[in-house]
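S.K.: The structure that follows is given in the form of structure tokens.
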Amino acid sequence: MDVFYSDKQKTFIPPNPDIPDRVEAIKDYLERAGGYKFHNIKSATKKDLLLVHTDAYIEIIESCKEKELYWLTPDTPVVEAVYELAKIAAGGAIRAAEKEGFALIRPPGHHAGSDYGMGFCYFNNIAIAVRKMQEKGVKKAFIIDIDAHHGNGTQDIFFNDKNVFYFSIQQDPTTVFPGIPAKNNDHVINMNSSAGAEDNDFMAAFENVKKYALKFKPELIAVSAGFDTWHNDNMTDIKIKDMNTYRKIGEIISGLGKELDAKTFVVLEGGYCINVLGALTWNFLQGLKS
Ligand SMILES: [Zn+2]
């Protein structure tokens, strides 16, 4: 599997849990495990960003200069380095979409909407990649978001685009960040798990992805992969305790890809339990490769 990574991400150390060690831990694990080919990332262009974000919003991030700290929200600072790194992250998502690979990137993206950033997210990496693939001729895309937080930004971006299905499973977002209720329609489906939900509850809800994907018949499956559902990850109250659960999630997505003959790619979102993050990601990717 092709993995898209940039060591430039090490230069961005924000005062929040999205630290460089997250990506480094995953990279080290995948390298040791073998079977993953690493590629450097070509940044997204401003034109790519404009597929999703407004000019005015991009301008806010682009115009920030060092030492002039600007806060989008109290957990999401903008410094000079952010613009270049967020373009690298978005570029990684685009390359992963093109190569059916894994974008091992930060900052994450799924909380960012067309004209806002929050929750450590600046540009919506997966949305930019999906829009780019639409530009290249993909008619129908299906986004699966397994991060423990709701991808409110991704939901908002595609809420009125019937050619993109957003299926998201998460802790009920009114009980954890971002604190905004999720919205559903005929192509936006949110499965909310209660705080404290463990493997079986989470998987029972996740199984619903099959019926929606098979009915929608996408040509492309885009996965927002977050690993903050792990029980020792203190960012949320979802309590997955068996690493095999991530493998099973990967296997279900792989099965859908085969049945639908859909291309599949993965973009990293959250996951903050550094000592196991590599193993969780590897288990998921192994399931996806099966
Ligand atoms: Zn998350």
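Chain lettering (A, B, ...) mirrors the order of the structure tokens, residue numbering begins at 1 for each chain separately, and ligand numbering begins at 1 in order of display.
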Excluding same-chain residues fewer than 4 positions from Val188 of chain A, what lies within 12 Å of it counting only C-alpha atoms, as a PyMOL selection string?
M.R.: chain A and resi 142-145+151-152+154-169+182-184+209+212-213+216
S.K.: Can you pull out the residues contacting Glu100 of chain A? Cut-off 7 Å, using only C-alpha atoms, and skip same-chain residues under 4 positions away; I want them as a PyMOL selection string.
M.R.: chain A and resi 96+263-265
S.K.: Could you turn the residues from that selection into a file that holds N, CA and C atoms, as a CSV table (one decimal), in the first residue's frame?
M.R.:
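Writing the result to selection34.csv gives the following:
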```csv
chain,number,residue,atom,x,y,z
A,96,ALA,N,-3.3,10.3,-2.1
A,96,ALA,CA,-3.9,9.0,-1.6
A,96,ALA,C,-5.1,8.6,-2.4
A,263,LYS,N,-12.9,2.3,-5.9
A,263,LYS,CA,-11.6,2.6,-5.4
A,263,LYS,C,-11.7,3.1,-4.0
A,264,THR,N,-10.7,2.8,-3.2
A,264,THR,CA,-10.8,3.2,-1.8
A,264,THR,C,-9.5,3.9,-1.3
A,265,PHE,N,-9.6,4.9,-0.6
A,265,PHE,CA,-8.4,5.6,0.0
A,265,PHE,C,-8.7,6.0,1.4
```
S.K.: For segment 85-90 of chain A, find every residue with an atom within 7 Å (counting only C-alpha atoms), except residues of its own chain fewer than 2 positions away, and show them as an MDAnalysis selection string.
M.R.: chainID A and resid 9 41:44 81:83 92:94 105:107 122:123 125 128
S.K.: If you run DSSP over the backbone, which residues in segment 83-264 of chain A end up strand (DSSP E or B)? Put them as a PDB file with N, CA and C atoms, in the first residue's frame.
M.R.:
```pdb
ATOM      1  N   PHE A 102      -2.879   5.629   1.567  1.00  0.00           N
ATOM      2  CA  PHE A 102      -3.142   6.137   2.916  1.00  0.00           C
ATOM      3  C   PHE A 102      -2.420   7.470   3.090  1.00  0.00           C
ATOM      4  N   ALA A 103      -3.154   8.514   3.396  1.00  0.00           N
ATOM      5  CA  ALA A 103      -2.563   9.819   3.687  1.00  0.00           C
ATOM      6  C   ALA A 103      -2.248   9.885   5.172  1.00  0.00           C
ATOM      7  N   GLY A 113     -14.983  23.330   7.860  1.00  0.00           N
ATOM      8  CA  GLY A 113     -16.010  23.551   6.836  1.00  0.00           C
ATOM      9  C   GLY A 113     -15.492  24.485   5.764  1.00  0.00           C
ATOM     10  N   TYR A 116     -14.712  27.798   7.734  1.00  0.00           N
ATOM     11  CA  TYR A 116     -14.283  27.797   9.134  1.00  0.00           C
ATOM     12  C   TYR A 116     -13.335  26.633   9.427  1.00  0.00           C
ATOM     13  N   MET A 118     -11.671  24.478  13.001  1.00  0.00           N
ATOM     14  CA  MET A 118     -11.853  24.242  14.435  1.00  0.00           C
ATOM     15  C   MET A 118     -11.314  22.844  14.747  1.00  0.00           C
ATOM     16  N   CYS A 121      -8.354  21.431  13.019  1.00  0.00           N
ATOM     17  CA  CYS A 121      -8.494  21.279  11.567  1.00  0.00           C
ATOM     18  C   CYS A 121      -8.535  22.642  10.868  1.00  0.00           C
ATOM     19  N   ALA A 141     -19.246   9.473  -4.756  1.00  0.00           N
ATOM     20  CA  ALA A 141     -18.257   9.113  -3.725  1.00  0.00           C
ATOM     21  C   ALA A 141     -18.971   8.873  -2.397  1.00  0.00           C
ATOM     22  N   PHE A 142     -18.407   7.973  -1.624  1.00  0.00           N
ATOM     23  CA  PHE A 142     -18.995   7.597  -0.339  1.00  0.00           C
ATOM     24  C   PHE A 142     -17.929   7.796   0.735  1.00  0.00           C
ATOM     25  N   ILE A 143     -18.173   8.702   1.638  1.00  0.00           N
ATOM     26  CA  ILE A 143     -17.206   8.965   2.711  1.00  0.00           C
ATOM     27  C   ILE A 143     -17.631   8.197   3.959  1.00  0.00           C
ATOM     28  N   ILE A 144     -16.681   7.468   4.517  1.00  0.00           N
ATOM     29  CA  ILE A 144     -16.914   6.747   5.771  1.00  0.00           C
ATOM     30  C   ILE A 144     -16.009   7.378   6.824  1.00  0.00           C
ATOM     31  N   ASP A 145     -16.597   7.913   7.869  1.00  0.00           N
ATOM     32  CA  ASP A 145     -15.836   8.604   8.914  1.00  0.00           C
ATOM     33  C   ASP A 145     -15.926   7.802  10.202  1.00  0.00           C
ATOM     34  N   VAL A 164     -22.401  12.832  -3.157  1.00  0.00           N
ATOM     35  CA  VAL A 164     -21.466  12.400  -2.113  1.00  0.00           C
ATOM     36  C   VAL A 164     -22.276  11.965  -0.897  1.00  0.00           C
ATOM     37  N   PHE A 165     -22.063  10.723  -0.495  1.00  0.00           N
ATOM     38  CA  PHE A 165     -22.732  10.196   0.692  1.00  0.00           C
ATOM     39  C   PHE A 165     -21.756  10.334   1.863  1.00  0.00           C
ATOM     40  N   TYR A 166     -22.241  10.829   2.977  1.00  0.00           N
ATOM     41  CA  TYR A 166     -21.407  10.917   4.181  1.00  0.00           C
ATOM     42  C   TYR A 166     -21.997  10.008   5.248  1.00  0.00           C
ATOM     43  N   PHE A 167     -21.265   8.935   5.564  1.00  0.00           N
ATOM     44  CA  PHE A 167     -21.665   8.012   6.631  1.00  0.00           C
ATOM     45  C   PHE A 167     -20.662   8.169   7.766  1.00  0.00           C
ATOM     46  N   SER A 168     -21.149   8.558   8.920  1.00  0.00           N
ATOM     47  CA  SER A 168     -20.236   8.831  10.021  1.00  0.00           C
ATOM     48  C   SER A 168     -20.694   8.135  11.289  1.00  0.00           C
ATOM     49  N   ILE A 169     -19.722   7.550  11.974  1.00  0.00           N
ATOM     50  CA  ILE A 169     -20.024   6.902  13.249  1.00  0.00           C
ATOM     51  C   ILE A 169     -19.170   7.591  14.305  1.00  0.00           C
ATOM     52  N   GLN A 170     -19.779   7.930  15.433  1.00  0.00           N
ATOM     53  CA  GLN A 170     -19.063   8.714  16.431  1.00  0.00           C
ATOM     54  C   GLN A 170     -19.795   8.696  17.765  1.00  0.00           C
ATOM     55  N   GLN A 171     -19.092   9.199  18.766  1.00  0.00           N
ATOM     56  CA  GLN A 171     -19.769   9.476  20.029  1.00  0.00           C
ATOM     57  C   GLN A 171     -20.769  10.595  19.762  1.00  0.00           C
ATOM     58  N   ASN A 185     -29.711  13.548   6.334  1.00  0.00           N
ATOM     59  CA  ASN A 185     -30.681  13.632   5.238  1.00  0.00           C
ATOM     60  C   ASN A 185     -30.549  12.332   4.440  1.00  0.00           C
ATOM     61  N   VAL A 188     -26.732  11.863   4.022  1.00  0.00           N
ATOM     62  CA  VAL A 188     -25.874  12.147   5.179  1.00  0.00           C
ATOM     63  C   VAL A 188     -26.458  11.371   6.356  1.00  0.00           C
ATOM     64  N   ILE A 189     -25.728  10.356   6.782  1.00  0.00           N
ATOM     65  CA  ILE A 189     -26.226   9.488   7.861  1.00  0.00           C
ATOM     66  C   ILE A 189     -25.199   9.452   8.987  1.00  0.00           C
ATOM     67  N   ASN A 190     -25.655   9.855  10.145  1.00  0.00           N
ATOM     68  CA  ASN A 190     -24.810   9.836  11.338  1.00  0.00           C
ATOM     69  C   ASN A 190     -25.294   8.767  12.299  1.00  0.00           C
ATOM     70  N   MET A 191     -24.377   7.891  12.701  1.00  0.00           N
ATOM     71  CA  MET A 191     -24.686   6.891  13.711  1.00  0.00           C
ATOM     72  C   MET A 191     -24.020   7.354  15.007  1.00  0.00           C
ATOM     73  N   ASN A 192     -24.839   7.765  15.961  1.00  0.00           N
ATOM     74  CA  ASN A 192     -24.265   8.251  17.217  1.00  0.00           C
ATOM     75  C   ASN A 192     -24.197   7.131  18.246  1.00  0.00           C
ATOM     76  N   SER A 193     -23.010   6.931  18.809  1.00  0.00           N
ATOM     77  CA  SER A 193     -22.865   5.968  19.896  1.00  0.00           C
ATOM     78  C   SER A 193     -22.871   6.719  21.219  1.00  0.00           C
ATOM     79  N   GLU A 198     -18.741   0.201  23.799  1.00  0.00           N
ATOM     80  CA  GLU A 198     -17.574  -0.666  23.582  1.00  0.00           C
ATOM     81  C   GLU A 198     -17.649  -1.317  22.203  1.00  0.00           C
ATOM     82  N   LEU A 220     -16.175   5.522  -5.640  1.00  0.00           N
ATOM     83  CA  LEU A 220     -15.035   5.872  -4.787  1.00  0.00           C
ATOM     84  C   LEU A 220     -15.469   5.816  -3.328  1.00  0.00           C
ATOM     85  N   ILE A 221     -14.636   5.172  -2.508  1.00  0.00           N
ATOM     86  CA  ILE A 221     -14.863   5.161  -1.060  1.00  0.00           C
ATOM     87  C   ILE A 221     -13.708   5.908  -0.406  1.00  0.00           C
ATOM     88  N   ALA A 222     -14.049   6.914   0.366  1.00  0.00           N
ATOM     89  CA  ALA A 222     -13.040   7.747   1.037  1.00  0.00           C
ATOM     90  C   ALA A 222     -13.212   7.569   2.538  1.00  0.00           C
ATOM     91  N   VAL A 223     -12.136   7.199   3.215  1.00  0.00           N
ATOM     92  CA  VAL A 223     -12.257   6.902   4.643  1.00  0.00           C
ATOM     93  C   VAL A 223     -11.541   7.954   5.480  1.00  0.00           C
ATOM     94  N   SER A 224     -12.296   8.606   6.355  1.00  0.00           N
ATOM     95  CA  SER A 224     -11.709   9.466   7.384  1.00  0.00           C
ATOM     96  C   SER A 224     -11.411   8.570   8.569  1.00  0.00           C
ATOM     97  N   ALA A 225     -10.127   8.204   8.714  1.00  0.00           N
ATOM     98  CA  ALA A 225      -9.754   7.228   9.739  1.00  0.00           C
ATOM     99  C   ALA A 225      -9.199   7.940  10.963  1.00  0.00           C
ATOM    100  N   TRP A 230     -10.263   4.398  20.720  1.00  0.00           N
ATOM    101  CA  TRP A 230      -9.563   3.454  21.605  1.00  0.00           C
ATOM    102  C   TRP A 230      -9.839   3.805  23.070  1.00  0.00           C
ATOM    103  N   LYS A 239     -15.113   3.371  23.854  1.00  0.00           N
ATOM    104  CA  LYS A 239     -14.182   2.482  24.566  1.00  0.00           C
ATOM    105  C   LYS A 239     -13.908   1.202  23.779  1.00  0.00           C
ATOM    106  N   ILE A 240     -13.290   1.314  22.616  1.00  0.00           N
ATOM    107  CA  ILE A 240     -12.886   0.109  21.888  1.00  0.00           C
ATOM    108  C   ILE A 240     -11.685  -0.504  22.612  1.00  0.00           C
ATOM    109  N   LYS A 263     -12.921   2.294  -5.908  1.00  0.00           N
ATOM    110  CA  LYS A 263     -11.581   2.598  -5.421  1.00  0.00           C
ATOM    111  C   LYS A 263     -11.693   3.119  -3.994  1.00  0.00           C
ATOM    112  N   THR A 264     -10.690   2.814  -3.187  1.00  0.00           N
ATOM    113  CA  THR A 264     -10.760   3.184  -1.775  1.00  0.00           C
ATOM    114  C   THR A 264      -9.474   3.874  -1.347  1.00  0.00           C
TER     115      THR A 264
END
```
S.K.: List as a list in words the protein and nucleic acid residues near Asn244 of chain A, meaning an atom at most 12 Å away when only C-alpha atoms are counted, but skip any in the same chain fewer than 4 places from it.
M.R.: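 The residues that qualify are Asp199, Asn200, Met203, Trp230, Ile240, Lys248, Ile249, Gly250, Glu251, Ala279, Leu280, Thr281, Trp282, Asn283, Phe284, Leu285, Gln286 and Gly287 of chain A.
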S.K.: Please give me, as an MDAnalysis selection string, the residues lying within 10 Å of ligand 1 when counting only C-alpha atoms and all ligand atoms.
M.R.: chainID A and resid 108:111 119:120 145:151 170:171 176:178 224:229 233 235:236 268:272
S.K.: Write the residues you've just listed into a file as an mmCIF file, in the first residue's frame, and include N, CA and C atoms for each of them.
M.R.:
```cif
data_model
loop_
_atom_site.group_PDB
_atom_site.id
_atom_site.type_symbol
_atom_site.label_atom_id
_atom_site.label_comp_id
_atom_site.auth_asym_id
_atom_site.auth_seq_id
_atom_site.Cartn_x
_atom_site.Cartn_y
_atom_site.Cartn_z
ATOM 1 N N PRO A 108 -5.307 17.279 10.956
ATOM 2 C CA PRO A 108 -6.483 16.584 10.426
ATOM 3 C C PRO A 108 -7.449 17.576 9.755
ATOM 4 N N GLY A 109 -8.580 17.074 9.255
ATOM 5 C CA GLY A 109 -9.423 17.980 8.459
ATOM 6 C C GLY A 109 -10.915 17.942 8.700
ATOM 7 N N HIS A 110 -11.451 16.888 9.319
ATOM 8 C CA HIS A 110 -12.906 16.692 9.198
ATOM 9 C C HIS A 110 -13.783 17.670 9.992
ATOM 10 N N HIS A 111 -13.174 18.472 10.866
ATOM 11 C CA HIS A 111 -13.966 19.513 11.547
ATOM 12 C C HIS A 111 -13.998 20.831 10.755
ATOM 13 N N GLY A 119 -11.202 22.536 16.044
ATOM 14 C CA GLY A 119 -10.832 21.167 16.426
ATOM 15 C C GLY A 119 -9.550 20.671 15.778
ATOM 16 N N PHE A 120 -8.525 21.506 15.739
ATOM 17 C CA PHE A 120 -7.184 21.218 15.186
ATOM 18 C C PHE A 120 -7.227 21.136 13.649
ATOM 19 N N ASP A 145 -16.597 7.913 7.869
ATOM 20 C CA ASP A 145 -15.836 8.604 8.914
ATOM 21 C C ASP A 145 -15.926 7.802 10.202
ATOM 22 N N ILE A 146 -14.794 7.192 10.583
ATOM 23 C CA ILE A 146 -14.799 6.333 11.782
ATOM 24 C C ILE A 146 -14.135 6.997 12.983
ATOM 25 N N ASP A 147 -13.786 8.269 12.866
ATOM 26 C CA ASP A 147 -13.226 8.988 14.012
ATOM 27 C C ASP A 147 -14.280 9.056 15.116
ATOM 28 N N ALA A 148 -13.822 9.098 16.362
ATOM 29 C CA ALA A 148 -14.765 9.141 17.486
ATOM 30 C C ALA A 148 -15.525 10.457 17.568
ATOM 31 N N HIS A 149 -14.985 11.481 16.901
ATOM 32 C CA HIS A 149 -15.687 12.769 16.850
ATOM 33 C C HIS A 149 -16.486 12.866 15.554
ATOM 34 N N HIS A 150 -17.513 13.683 15.607
ATOM 35 C CA HIS A 150 -18.310 13.906 14.398
ATOM 36 C C HIS A 150 -17.552 14.802 13.426
ATOM 37 N N GLY A 151 -17.536 14.416 12.158
ATOM 38 C CA GLY A 151 -16.915 15.250 11.130
ATOM 39 C C GLY A 151 -17.890 16.318 10.669
ATOM 40 N N GLN A 170 -19.779 7.930 15.433
ATOM 41 C CA GLN A 170 -19.063 8.714 16.431
ATOM 42 C C GLN A 170 -19.795 8.696 17.765
ATOM 43 N N GLN A 171 -19.092 9.199 18.766
ATOM 44 C CA GLN A 171 -19.769 9.476 20.029
ATOM 45 C C GLN A 171 -20.769 10.595 19.762
ATOM 46 N N VAL A 176 -19.662 15.446 23.513
ATOM 47 C CA VAL A 176 -18.206 15.569 23.360
ATOM 48 C C VAL A 176 -17.980 16.634 22.286
ATOM 49 N N PHE A 177 -16.729 17.063 22.084
ATOM 50 C CA PHE A 177 -16.448 18.001 21.002
ATOM 51 C C PHE A 177 -17.025 17.467 19.683
ATOM 52 N N PRO A 178 -17.617 18.240 18.792
ATOM 53 C CA PRO A 178 -17.727 19.699 18.822
ATOM 54 C C PRO A 178 -18.960 20.221 19.561
ATOM 55 N N SER A 224 -12.296 8.606 6.355
ATOM 56 C CA SER A 224 -11.709 9.466 7.384
ATOM 57 C C SER A 224 -11.411 8.570 8.569
ATOM 58 N N ALA A 225 -10.127 8.204 8.714
ATOM 59 C CA ALA A 225 -9.754 7.228 9.739
ATOM 60 C C ALA A 225 -9.199 7.940 10.963
ATOM 61 N N GLY A 226 -9.975 7.910 12.022
ATOM 62 C CA GLY A 226 -9.505 8.423 13.308
ATOM 63 C C GLY A 226 -9.482 7.265 14.281
ATOM 64 N N PHE A 227 -8.531 7.308 15.211
ATOM 65 C CA PHE A 227 -8.358 6.187 16.132
ATOM 66 C C PHE A 227 -8.518 6.620 17.590
ATOM 67 N N ASP A 228 -9.314 7.681 17.786
ATOM 68 C CA ASP A 228 -9.572 8.149 19.151
ATOM 69 C C ASP A 228 -10.773 7.436 19.780
ATOM 70 N N THR A 229 -11.203 6.344 19.121
ATOM 71 C CA THR A 229 -12.223 5.466 19.715
ATOM 72 C C THR A 229 -11.593 4.470 20.690
ATOM 73 N N ASP A 233 -7.711 6.316 24.871
ATOM 74 C CA ASP A 233 -7.580 7.649 24.272
ATOM 75 C C ASP A 233 -8.524 8.555 25.043
ATOM 76 N N MET A 235 -9.487 11.533 24.662
ATOM 77 C CA MET A 235 -10.175 12.635 23.984
ATOM 78 C C MET A 235 -11.679 12.390 23.879
ATOM 79 N N THR A 236 -12.095 11.117 23.957
ATOM 80 C CA THR A 236 -13.521 10.813 23.851
ATOM 81 C C THR A 236 -13.870 9.682 24.821
ATOM 82 N N LEU A 268 -5.873 10.106 7.394
ATOM 83 C CA LEU A 268 -5.813 10.120 8.855
ATOM 84 C C LEU A 268 -6.565 11.329 9.410
ATOM 85 N N GLU A 269 -7.358 11.081 10.440
ATOM 86 C CA GLU A 269 -7.983 12.194 11.182
ATOM 87 C C GLU A 269 -7.368 12.222 12.580
ATOM 88 N N GLY A 270 -8.145 11.860 13.623
ATOM 89 C CA GLY A 270 -7.617 11.937 14.978
ATOM 90 C C GLY A 270 -6.981 10.639 15.456
ATOM 91 N N GLY A 271 -6.745 10.582 16.773
ATOM 92 C CA GLY A 271 -6.061 9.439 17.385
ATOM 93 C C GLY A 271 -4.890 9.991 18.180
ATOM 94 N N TYR A 272 -4.966 9.890 19.493
ATOM 95 C CA TYR A 272 -4.019 10.625 20.330
ATOM 96 C C TYR A 272 -3.326 9.754 21.363
#
```
S.K.: Using DSSP assignments from the backbone, pull out every residue in segment 19-256 of chain A that falls under helix (DSSP H, G or I) and give it to me as a PyMOL selection string.
M.R.: chain A and resi 20-33+46-49+55-62+80-99+125-135+152-158+199-206+209-216+244-256
S.K.: For a test of reading the model, state the distance in Å between atom CA of Val130 of chain A and atom CA of Lys37 of chain A, rounded to one decimal.
M.R.: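 Distance between the two atoms: 22.5 Å.
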S.K.: Give me, please, the distance in Å between atom CA of Glu24 of chain A and atom CA of His39 of chain A, quoted to one decimal.
M.R.: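 Separating atom CA of Glu24 of chain A from atom CA of His39 of chain A is a distance of 14.3 Å.
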S.K.: Extract, using only C-alpha atoms, all DNA, RNA and protein residues at most 8 Å from Ala25 of chain A, discarding same-chain residues fewer than 5 positions from it, and format them as a list in words.
M.R.: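 My list of contacting residues is Ile274, Asn275, Leu277 and Gly278 of chain A.
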S.K.: Choose the residue, out of A:Trp71, A:Asp237, A:Ile61, A:Lys132, that has the smallest atom-to-atom separation from Lys47 of chain A; count only C-alpha atoms.
M.R.: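 Closest residue, counting only C-alpha atoms: A:Lys132.
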